[in-house]
Structures are given as C-alpha cells and as structure tokens.
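Q: I'd like to ask some things about the structure below.
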Amino acid sequence: MTRSLAEAAQLSYRGKARVTGIGGEGFHRSWIAFLGLYDEEMGPYPYLLPEPLIALEIKSYPAFDAIIGRDVLMLGDFTLRSNGDFEWHLR
C-alpha cells in the first residue's frame, strides 16, 4: 500500500521488512493492517479477514493505493475474467 494510505488509515508502523520480488531483494516500510471486503449480498458492512496482514509500501500510483498479493488471494479461490469481473471465495 502507499505510505499516504497507511498514514491516512493510522496503521501501526512495524519498521522495514526484507522483500524479494521481481527486482531482487530490498527493504520496504511495513504496517499491520486488516483487510475488509464488501459484498453487495452481505449488506453494508465489510467482511474482515480474521488475521492481520503485513502491508508493504509501494510507490504512489494514480490508479490505486493498494495491491492484494498472491499470498492473500490464495486464502481462497480467486477467479479473474477477461472483462475484469472477479470472484473470490474464501475458505
């Protein structure tokens, strides 16, 4: 997530975390966050994943403030369609 989102949400900063990705290994700021999901069929309140996540800082980008990683998506069955629709069934 972007630093501006983490600060706006007043998340708990936990220091820098070692990360290995496409660009190699590096250290990124990290925060503790809970992920909430809205589902029109469930009503106006979000479903919160039961365990907190470690959110790593990403560069600011105009289209989004957070990216949900594969480690989180694999907590359920995730399907992405060519039109951009998706389903995520949590286990």
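How things are named: the first chain in the structure tokens is A, the next is B, and so on; residues count from 1 in each chain; ligands count from 1 in the order shown.
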Which residues are near Val19 of chain A? Cut-off 9 Å, only C-alpha atoms, ignore same chain within fewer than 6 positions. Put them as an MDAnalysis selection string.

A: chainID A and resid 25:28 56

Q: Which polymer residues have any atom within 7 Å of an atom of Met1 of chain A, counting only C-alpha atoms, with same-chain residues fewer than 6 positions away left out, as a list in words?

A: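 The contact residues come out as Ala55, Leu56, Glu57, Ile58, Asp65, Ala66 and Ile67 of chain A.
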
Q: Produce a file of the selected residues containing C-alpha atoms, as a CSV table (one decimal), in the first residue's frame.

A:
chain,number,residue,atom,x,y,z
A,55,ALA,CA,1.2,-4.4,4.3
A,56,LEU,CA,4.4,-3.4,2.4
A,57,GLU,CA,4.9,0.1,1.0
A,58,ILE,CA,4.5,0.6,-2.8
A,65,ASP,CA,-3.4,2.8,-3.3
A,66,ALA,CA,-3.1,-0.9,-2.5
A,67,ILE,CA,-2.3,-4.2,-4.2

Q: Got a sec to tell me which of segment 11-89 of chain A DSSP assigns to strand (DSSP E or B), as a ChimeraX atom specification?

A: /A:12-21,24-33,36-37,47-48,53-56,61,64,76-80,86-89

Q: Just how far from atom CA of Ile54 of chain A is atom CA of Arg18 of chain A, in Å to one decimal?

A: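 According to the coordinates, atom CA of Arg18 of chain A and atom CA of Ile54 of chain A are separated by 11.7 Å.
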
Q: Would you tabulate, counting only C-alpha atoms, all residues of segment 43-72 of chain A that have an atom at most 12 Å from an atom of segment 77-90 of chain A, showing the closest pair of atoms and their distance in Å to one decimal, sorted by chain then ascending number, as a Markdown table?

A:
| residue | atom | partner | partner_atom | distance |
| --- | --- | --- | --- | --- |
| A:Tyr47 | CA | A:Leu90 | CA | 10.7 |
| A:Leu48 | CA | A:Leu90 | CA | 11.3 |
| A:Leu49 | CA | A:Leu90 | CA | 9.2 |
| A:Pro50 | CA | A:Leu90 | CA | 11.3 |
| A:Ile68 | CA | A:Phe78 | CA | 11.6 |
| A:Gly69 | CA | A:Phe78 | CA | 11.6 |
| A:Arg70 | CA | A:Phe78 | CA | 9.6 |
| A:Asp71 | CA | A:Phe78 | CA | 11.4 |
| A:Val72 | CA | A:Phe78 | CA | 10.0 |

Q: Given the selection you just returned, output its residues as a file containing C-alpha atoms, formatted as a short mmCIF file (atom, residue, chain, number, x, y, z; two decimals), in the first residue's frame.

A:
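Result file follows (out.cif):
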data_model
loop_
_atom_site.label_atom_id
_atom_site.label_comp_id
_atom_site.auth_asym_id
_atom_site.auth_seq_id
_atom_site.Cartn_x
_atom_site.Cartn_y
_atom_site.Cartn_z
CA TYR A 47 -16.20 -8.86 5.98
CA LEU A 48 -12.84 -8.64 7.75
CA LEU A 49 -10.25 -11.34 7.27
CA PRO A 50 -9.67 -12.81 10.73
CA ILE A 68 -3.57 -7.50 -2.82
CA GLY A 69 -0.80 -10.06 -3.20
CA ARG A 70 -0.94 -13.71 -4.22
CA ASP A 71 -0.34 -14.80 -0.63
CA VAL A 72 -3.63 -13.18 0.37
#

Q: Could you name the residues that touch segment 32-45 of chain A at 7 Å or less, counting only C-alpha atoms, but leaving out those on the same chain fewer than 4 positions away, as a PyMOL selection string?

A: chain A and resi 11-14+49+51-55

Q: Which residue gives the smallest distance to Ser4 of chain A among A:Pro46, A:Trp31, A:Ser60, A:Ala17, with only C-alpha atoms counted?

A: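 Nearest candidate to Ser4 of chain A out of A:Pro46, A:Trp31, A:Ser60, A:Ala17: A:Ser60.
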
Q: In Å to one decimal, how far is atom CA of Leu75 of chain A from atom CA of Gly23 of chain A?

A: 25.1 Å

Q: According to DSSP computed on the backbone, where in chain A is there alpha helix (DSSP H)? Give the residues as a VMD selection string.

A: chain A and resid 3 to 8 70 to 73
